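Text of work_1.txt, listed as compact mmCIF, C-alpha atoms:
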```txt
# COMPACT_ATOMS: atom_id res chain seq x y z
CA MET X 1 16.63 19.37 -10.27
CA LEU X 2 16.91 20.40 -6.64
CA PHE X 3 17.51 17.96 -3.78
CA TYR X 4 16.67 18.77 -0.16
CA ASP X 5 18.95 16.73 2.10
CA CYS X 6 19.80 16.31 5.79
CA SER X 7 23.31 15.06 6.39
CA THR X 8 22.48 13.40 9.74
CA ALA X 9 19.24 11.54 8.95
CA PRO X 10 18.87 8.05 7.45
CA ASN X 11 16.11 8.60 4.89
CA PRO X 12 17.88 11.45 3.08
CA ARG X 13 21.01 9.30 3.06
CA ARG X 14 19.13 6.61 1.16
CA ALA X 15 18.28 9.10 -1.60
CA ARG X 16 21.81 10.52 -1.48
CA MET X 17 23.31 7.05 -2.03
CA PHE X 18 20.89 6.36 -4.89
CA ILE X 19 21.86 9.63 -6.58
CA ALA X 20 25.56 8.82 -6.13
CA GLU X 21 25.14 5.30 -7.54
CA LYS X 22 23.53 6.84 -10.62
CA GLY X 23 26.56 9.09 -11.01
CA LEU X 24 24.45 12.24 -10.83
CA THR X 25 25.34 15.68 -9.53
CA ILE X 26 22.22 17.51 -8.31
CA GLU X 27 22.01 20.92 -6.67
CA THR X 28 21.49 20.27 -2.97
CA ARG X 29 20.22 22.22 0.02
CA ASP X 30 20.86 20.83 3.49
CA ILE X 31 17.98 21.08 5.97
CA SER X 32 18.97 20.65 9.62
CA ILE X 33 16.52 18.50 11.56
CA ALA X 34 18.52 19.23 14.72
CA LYS X 35 17.73 22.94 14.28
CA GLY X 36 14.12 22.23 13.32
CA GLU X 37 14.56 23.75 9.87
CA GLN X 38 12.10 21.24 8.39
CA LEU X 39 9.36 22.97 10.42
CA LEU X 40 10.11 26.48 9.19
CA PRO X 41 7.71 28.15 6.74
CA ALA X 42 10.35 28.30 4.00
CA PHE X 43 10.73 24.52 3.88
CA LYS X 44 7.06 23.74 4.54
CA ALA X 45 6.28 25.81 1.45
CA VAL X 46 8.19 23.11 -0.44
CA ASN X 47 6.89 20.13 1.55
CA PRO X 48 3.96 20.83 3.91
CA ARG X 49 4.48 17.40 5.51
CA ALA X 50 7.84 18.65 6.82
CA THR X 51 9.79 15.52 5.93
CA ILE X 52 13.11 15.02 4.14
CA PRO X 53 14.28 14.02 1.51
CA VAL X 54 12.63 16.03 -1.23
CA LEU X 55 13.47 16.09 -4.92
CA VAL X 56 12.10 18.87 -7.11
CA THR X 57 12.26 17.67 -10.71
CA ASP X 58 13.10 19.75 -13.76
CA GLU X 59 9.37 19.79 -14.48
CA GLY X 60 8.69 21.27 -11.04
CA THR X 61 7.16 18.10 -9.55
CA VAL X 62 7.84 17.77 -5.82
CA LEU X 63 8.71 14.20 -4.77
CA THR X 64 8.80 13.66 -1.01
CA GLU X 65 9.30 9.90 -0.53
CA ASN X 66 12.32 7.72 -1.22
CA LEU X 67 10.43 5.35 -3.49
CA GLY X 68 9.05 8.23 -5.54
CA ILE X 69 12.48 9.81 -5.86
CA ALA X 70 14.09 6.49 -6.80
CA ALA X 71 11.38 5.62 -9.34
CA TYR X 72 11.74 9.01 -11.03
CA LEU X 73 15.54 8.83 -11.21
CA GLU X 74 15.46 5.21 -12.41
CA ALA X 75 13.11 6.18 -15.23
CA GLN X 76 15.16 9.23 -16.20
CA PHE X 77 18.56 7.55 -15.79
CA PRO X 78 18.10 3.78 -16.25
CA GLU X 79 21.79 2.90 -16.02
CA PRO X 80 22.98 1.38 -13.83
CA PRO X 81 19.70 -0.39 -13.00
CA LEU X 82 19.02 -0.15 -9.27
CA MET X 83 15.38 -1.26 -9.17
CA GLY X 84 15.56 -4.52 -11.10
CA ARG X 85 15.96 -5.48 -14.75
CA THR X 86 13.32 -8.19 -15.15
CA ALA X 87 9.78 -8.37 -13.80
CA ASP X 88 10.90 -10.83 -11.13
CA GLU X 89 13.82 -8.62 -10.09
CA LYS X 90 11.61 -5.54 -9.89
CA GLY X 91 9.23 -7.42 -7.61
CA LEU X 92 12.06 -8.67 -5.40
CA VAL X 93 13.60 -5.20 -5.07
CA MET X 94 10.30 -3.67 -4.00
CA MET X 95 9.59 -6.58 -1.64
CA TRP X 96 12.93 -6.42 0.13
CA ASN X 97 12.91 -2.64 0.20
CA ALA X 98 9.55 -2.79 1.99
CA ILE X 99 10.92 -5.37 4.42
CA ALA X 100 13.88 -3.09 5.14
CA GLU X 101 11.60 -0.12 5.79
CA GLN X 102 9.02 -1.93 7.89
CA GLN X 103 11.22 -4.36 9.81
CA GLY X 104 14.45 -2.37 9.94
CA GLY X 105 13.83 1.35 9.58
CA MET X 106 10.63 1.57 11.59
CA PRO X 107 12.02 -0.28 14.64
CA VAL X 108 15.12 1.94 14.72
CA ALA X 109 12.88 5.01 14.53
CA GLU X 110 10.65 3.63 17.29
CA ALA X 111 13.60 2.97 19.56
CA LEU X 112 15.25 6.35 18.94
CA ARG X 113 12.29 8.68 18.84
CA ASN X 114 10.60 7.18 21.89
CA SER X 115 13.70 7.33 24.09
CA HIS X 116 16.05 10.18 23.12
CA PRO X 117 15.48 13.54 24.86
CA ALA X 118 15.97 15.38 21.57
CA PHE X 119 12.72 13.85 20.33
CA ALA X 120 10.56 14.71 23.32
CA ASP X 121 7.12 15.44 21.85
CA ARG X 122 8.55 14.63 18.39
CA ALA X 123 8.09 10.85 18.41
CA ILE X 124 6.79 10.88 14.81
CA PRO X 125 8.24 12.99 11.97
CA GLY X 126 6.02 15.59 10.36
CA PRO X 127 4.21 18.80 11.26
CA ALA X 128 2.31 17.40 14.29
CA ASN X 129 3.84 16.75 17.73
CA TYR X 130 3.45 13.36 19.41
CA ALA X 131 4.56 12.32 22.89
CA GLN X 132 7.09 9.56 23.43
CA ILE X 133 5.92 6.09 24.48
CA PRO X 134 8.78 4.30 26.30
CA GLU X 135 7.27 0.86 25.67
CA LEU X 136 7.65 1.42 21.93
CA ALA X 137 11.38 2.07 22.40
CA GLN X 138 11.85 -1.33 24.00
CA ARG X 139 9.75 -3.01 21.34
CA GLY X 140 11.88 -1.31 18.69
CA LEU X 141 15.08 -2.76 20.13
CA ASP X 142 13.60 -6.25 20.11
CA ARG X 143 12.46 -5.85 16.52
CA ILE X 144 15.93 -4.68 15.42
CA GLY X 145 17.39 -7.88 16.81
CA ARG X 146 14.89 -9.92 14.83
CA PHE X 147 15.69 -7.90 11.72
CA PHE X 148 19.37 -8.76 12.06
CA ASP X 149 18.44 -12.45 12.28
CA LEU X 150 16.31 -12.14 9.14
CA LEU X 151 19.19 -10.53 7.27
CA GLU X 152 21.61 -13.25 8.31
CA GLU X 153 19.24 -15.89 6.99
CA ARG X 154 18.83 -14.07 3.68
CA LEU X 155 22.48 -13.15 3.19
CA SER X 156 23.63 -16.67 3.94
CA ASP X 157 21.99 -17.59 0.61
CA SER X 158 22.50 -14.40 -1.41
CA ALA X 159 25.37 -11.97 -1.87
CA TYR X 160 22.88 -9.09 -2.05
CA ILE X 161 19.55 -8.38 -0.42
CA ALA X 162 17.15 -8.68 -3.36
CA CYS X 163 18.97 -9.92 -6.47
CA ASP X 164 22.37 -11.13 -7.62
CA HIS X 165 23.54 -7.52 -7.90
CA PHE X 166 23.43 -4.28 -5.91
CA THR X 167 20.03 -2.56 -5.81
CA LEU X 168 17.90 -0.04 -3.95
CA ALA X 169 17.11 -2.78 -1.42
CA ASP X 170 20.79 -2.92 -0.44
CA ILE X 171 20.85 0.86 -0.02
CA SER X 172 17.84 0.91 2.28
CA THR X 173 18.98 -2.07 4.31
CA PHE X 174 22.53 -0.76 4.68
CA VAL X 175 21.41 2.68 5.82
CA PHE X 176 19.09 1.25 8.47
CA VAL X 177 21.68 -1.27 9.72
CA ASP X 178 24.25 1.50 9.94
CA PHE X 179 21.85 3.93 11.64
CA ALA X 180 20.97 1.36 14.30
CA ARG X 181 24.17 2.50 16.01
CA VAL X 182 22.20 5.47 17.42
CA VAL X 183 20.35 3.02 19.69
CA LYS X 184 23.52 1.01 20.35
CA MET X 185 22.52 -1.89 18.11
CA ARG X 186 25.10 -3.47 15.82
CA VAL X 187 25.29 -6.55 13.61
CA PRO X 188 25.55 -9.34 16.21
CA GLU X 189 28.71 -11.37 16.58
CA GLY X 190 28.33 -14.59 14.66
CA HIS X 191 26.27 -13.00 11.88
CA ALA X 192 29.17 -13.46 9.47
CA ALA X 193 27.19 -13.18 6.25
CA THR X 194 25.56 -9.92 7.31
CA GLN X 195 28.86 -8.47 8.49
CA ALA X 196 30.58 -9.35 5.20
CA TRP X 197 27.74 -7.78 3.20
CA TYR X 198 27.79 -4.69 5.44
CA GLU X 199 31.54 -4.18 4.97
CA ALA X 200 31.22 -4.60 1.20
CA ILE X 201 28.46 -1.97 0.94
CA LYS X 202 30.30 0.34 3.34
CA ALA X 203 33.31 0.28 0.98
CA ARG X 204 31.27 1.61 -1.95
CA PRO X 205 31.90 5.29 -2.76
CA SER X 206 28.19 6.06 -2.41
CA ALA X 207 28.28 4.99 1.25
CA GLN X 208 30.70 7.84 1.96
CA LYS X 209 28.14 10.41 0.81
```
Could you write out this file's structure as structure tokens?
Amino acid sequence: MLFYDCSTAPNPRRARMFIAEKGLTIETRDISIAKGEQLLPAFKAVNPRATIPVLVTDEGTVLTENLGIAAYLEAQFPEPPLMGRTADEKGLVMMWNAIAEQQGGMPVAEALRNSHPAFADRAIPGPANYAQIPELAQRGLDRIGRFFDLLEERLSDSAYIACDHFTLADISTFVFVDFARVVKMRVPEGHAATQAWYEAIKARPSAQK
């Protein structure tokens, strides 16, 4: 297998943590988004959509989305289970992973890409250029705050995001909560359950990857 990573971006970190939690060592190539390497012909020959992460399987299949990468690795290496053991757990993991992506990851991306000078004309990842919309940056910040409130409600009743054990949903949520620092958003004071969960995930070896 061959894994295309970017050490500074959140989505590759999600795949990197998943790989680490599985105890796998996979040949890795780092692609610098800061240098625009994802837009170079060499990388676009691998993934024409110019996004990272990418996993090339032993069979030569190119997987370009976190869920695809996770599903493949879970099927190939089922232990430890990170995408649910029962039908109910599998549904909960996918549900909460989607919530993390849509209500956590997307707002952080909106806030960052529509405000930071480094993303001028690059407001959306991929091969096409899109102008920034400042109003979306402000909306993103508001949505991040609401996401933190949602997490506090959930984690006040559960030690983990989706199930009674660590799963892909915890990886996605942790990465987005941690990455929110780039737009100066942190777990609010008083969100004790979220802060305790965050510190516990941060202490896992995979979070250091």
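The shell of residues at most 6 Å from Asp30 of chain X, with all atoms listed in the file counted and near chain neighbours (fewer than 2 positions) removed, consists of X:Tyr4, X:Asp5, X:Cys6.
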Could you pull the residues within 12 Å of Glu59 of chain X, counting only C-alpha atoms, minus those fewer than 2 positions along the same chain, as a VMD selection string?
-> chain X and resid 1 to 2 55 to 57 61 to 63 72
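The two atoms in question, atom CA of Thr25 of chain X and atom CA of Ala203 of chain X, are spaced 20.3 Å apart.
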Shell of 9 Å around Pro48 of chain X, all atoms listed in the file, local chain residues under 6 positions omitted, as a tab-separated table (two decimals) with C-alpha atoms, keeping the file's coordinate frame:
```
chain	number	residue	atom	x	y	z
X	39	LEU	CA	9.36	22.97	10.42
X	41	PRO	CA	7.71	28.15	6.74
X	126	GLY	CA	6.02	15.59	10.36
X	127	PRO	CA	4.21	18.80	11.26
```
Leaving out Val177 of chain X and any residue of its chain fewer than 5 positions from it, which residues lie within 12 Å of it when counting all atoms listed in the file, given as a PDB file with C-alpha atoms, in the frame of the given file?
```
ATOM      1  CA  PRO X  10      18.870   8.050   7.450  1.00  0.00           C
ATOM      2  CA  ARG X  14      19.130   6.610   1.160  1.00  0.00           C
ATOM      3  CA  ALA X 100      13.880  -3.090   5.140  1.00  0.00           C
ATOM      4  CA  GLU X 101      11.600  -0.120   5.790  1.00  0.00           C
ATOM      5  CA  GLN X 103      11.220  -4.360   9.810  1.00  0.00           C
ATOM      6  CA  GLY X 104      14.450  -2.370   9.940  1.00  0.00           C
ATOM      7  CA  GLY X 105      13.830   1.350   9.580  1.00  0.00           C
ATOM      8  CA  MET X 106      10.630   1.570  11.590  1.00  0.00           C
ATOM      9  CA  PRO X 107      12.020  -0.280  14.640  1.00  0.00           C
ATOM     10  CA  VAL X 108      15.120   1.940  14.720  1.00  0.00           C
ATOM     11  CA  ALA X 109      12.880   5.010  14.530  1.00  0.00           C
ATOM     12  CA  ILE X 144      15.930  -4.680  15.420  1.00  0.00           C
ATOM     13  CA  GLY X 145      17.390  -7.880  16.810  1.00  0.00           C
ATOM     14  CA  PHE X 147      15.690  -7.900  11.720  1.00  0.00           C
ATOM     15  CA  PHE X 148      19.370  -8.760  12.060  1.00  0.00           C
ATOM     16  CA  ASP X 149      18.440 -12.450  12.280  1.00  0.00           C
ATOM     17  CA  LEU X 151      19.190 -10.530   7.270  1.00  0.00           C
ATOM     18  CA  ASP X 170      20.790  -2.920  -0.440  1.00  0.00           C
ATOM     19  CA  ILE X 171      20.850   0.860  -0.020  1.00  0.00           C
ATOM     20  CA  SER X 172      17.840   0.910   2.280  1.00  0.00           C
ATOM     21  CA  VAL X 182      22.200   5.470  17.420  1.00  0.00           C
ATOM     22  CA  VAL X 183      20.350   3.020  19.690  1.00  0.00           C
ATOM     23  CA  LYS X 184      23.520   1.010  20.350  1.00  0.00           C
ATOM     24  CA  MET X 185      22.520  -1.890  18.110  1.00  0.00           C
ATOM     25  CA  ARG X 186      25.100  -3.470  15.820  1.00  0.00           C
ATOM     26  CA  VAL X 187      25.290  -6.550  13.610  1.00  0.00           C
ATOM     27  CA  PRO X 188      25.550  -9.340  16.210  1.00  0.00           C
ATOM     28  CA  THR X 194      25.560  -9.920   7.310  1.00  0.00           C
ATOM     29  CA  GLN X 195      28.860  -8.470   8.490  1.00  0.00           C
ATOM     30  CA  TRP X 197      27.740  -7.780   3.200  1.00  0.00           C
ATOM     31  CA  TYR X 198      27.790  -4.690   5.440  1.00  0.00           C
ATOM     32  CA  GLU X 199      31.540  -4.180   4.970  1.00  0.00           C
ATOM     33  CA  ILE X 201      28.460  -1.970   0.940  1.00  0.00           C
ATOM     34  CA  LYS X 202      30.300   0.340   3.340  1.00  0.00           C
TER      35      LYS X 202
END
```
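Nearest residue to Gly140 of chain X among X:Leu168, X:Leu112, X:Met94, X:Ala123 is X:Leu112, counting only C-alpha atoms.
Atom CA of Thr173 of chain X is positioned 26.0 Å from atom CA of Pro117 of chain X.
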Compare X:His165, X:Arg146, X:Arg122, X:Lys44 by their minimum atom-to-atom distance to Pro81 of chain X, counting all atoms listed in the file, and give me the closest one.
-> X:His165
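Shortest atom-to-atom contact with Phe3 of chain X among X:Ala131, X:Ala193, X:Ala111, X:Val54: X:Val54, counting only C-alpha atoms.
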Contacts of Ala162 of chain X within 8 Å, only C-alpha atoms, excl. fewer than 3 positions in-chain, as a PDB file with C-alpha atoms, keeping the file's coordinate frame:
```
ATOM      1  CA  GLU X  89      13.820  -8.620 -10.090  1.00  0.00           C
ATOM      2  CA  LEU X  92      12.060  -8.670  -5.400  1.00  0.00           C
ATOM      3  CA  VAL X  93      13.600  -5.200  -5.070  1.00  0.00           C
ATOM      4  CA  TRP X  96      12.930  -6.420   0.130  1.00  0.00           C
ATOM      5  CA  HIS X 165      23.540  -7.520  -7.900  1.00  0.00           C
ATOM      6  CA  THR X 167      20.030  -2.560  -5.810  1.00  0.00           C
ATOM      7  CA  ALA X 169      17.110  -2.780  -1.420  1.00  0.00           C
ATOM      8  CA  ASP X 170      20.790  -2.920  -0.440  1.00  0.00           C
TER       9      ASP X 170
END
```
What is the distance, in Å and to one decimal place, between atom CA of Asp88 of chain X and atom CA of Ile69 of chain X?
-> 21.4 Å
Listed atoms of segment 86-98 of chain X boxed along x, y and z, 6 Å each side, centre and edge lengths in Å, one decimal, as AutoDock Vina command-line options:
```
--center_x 11.5 --center_y -6.7 --center_z -6.6 --size_x 16.6 --size_y 20.2 --size_z 29.1
```
Go through X:Gly36, X:Pro78, X:Pro53, X:Pro205 and flag the residue nearest Glu21 of chain X, using all atoms listed in the file for the distances.
-> X:Pro205
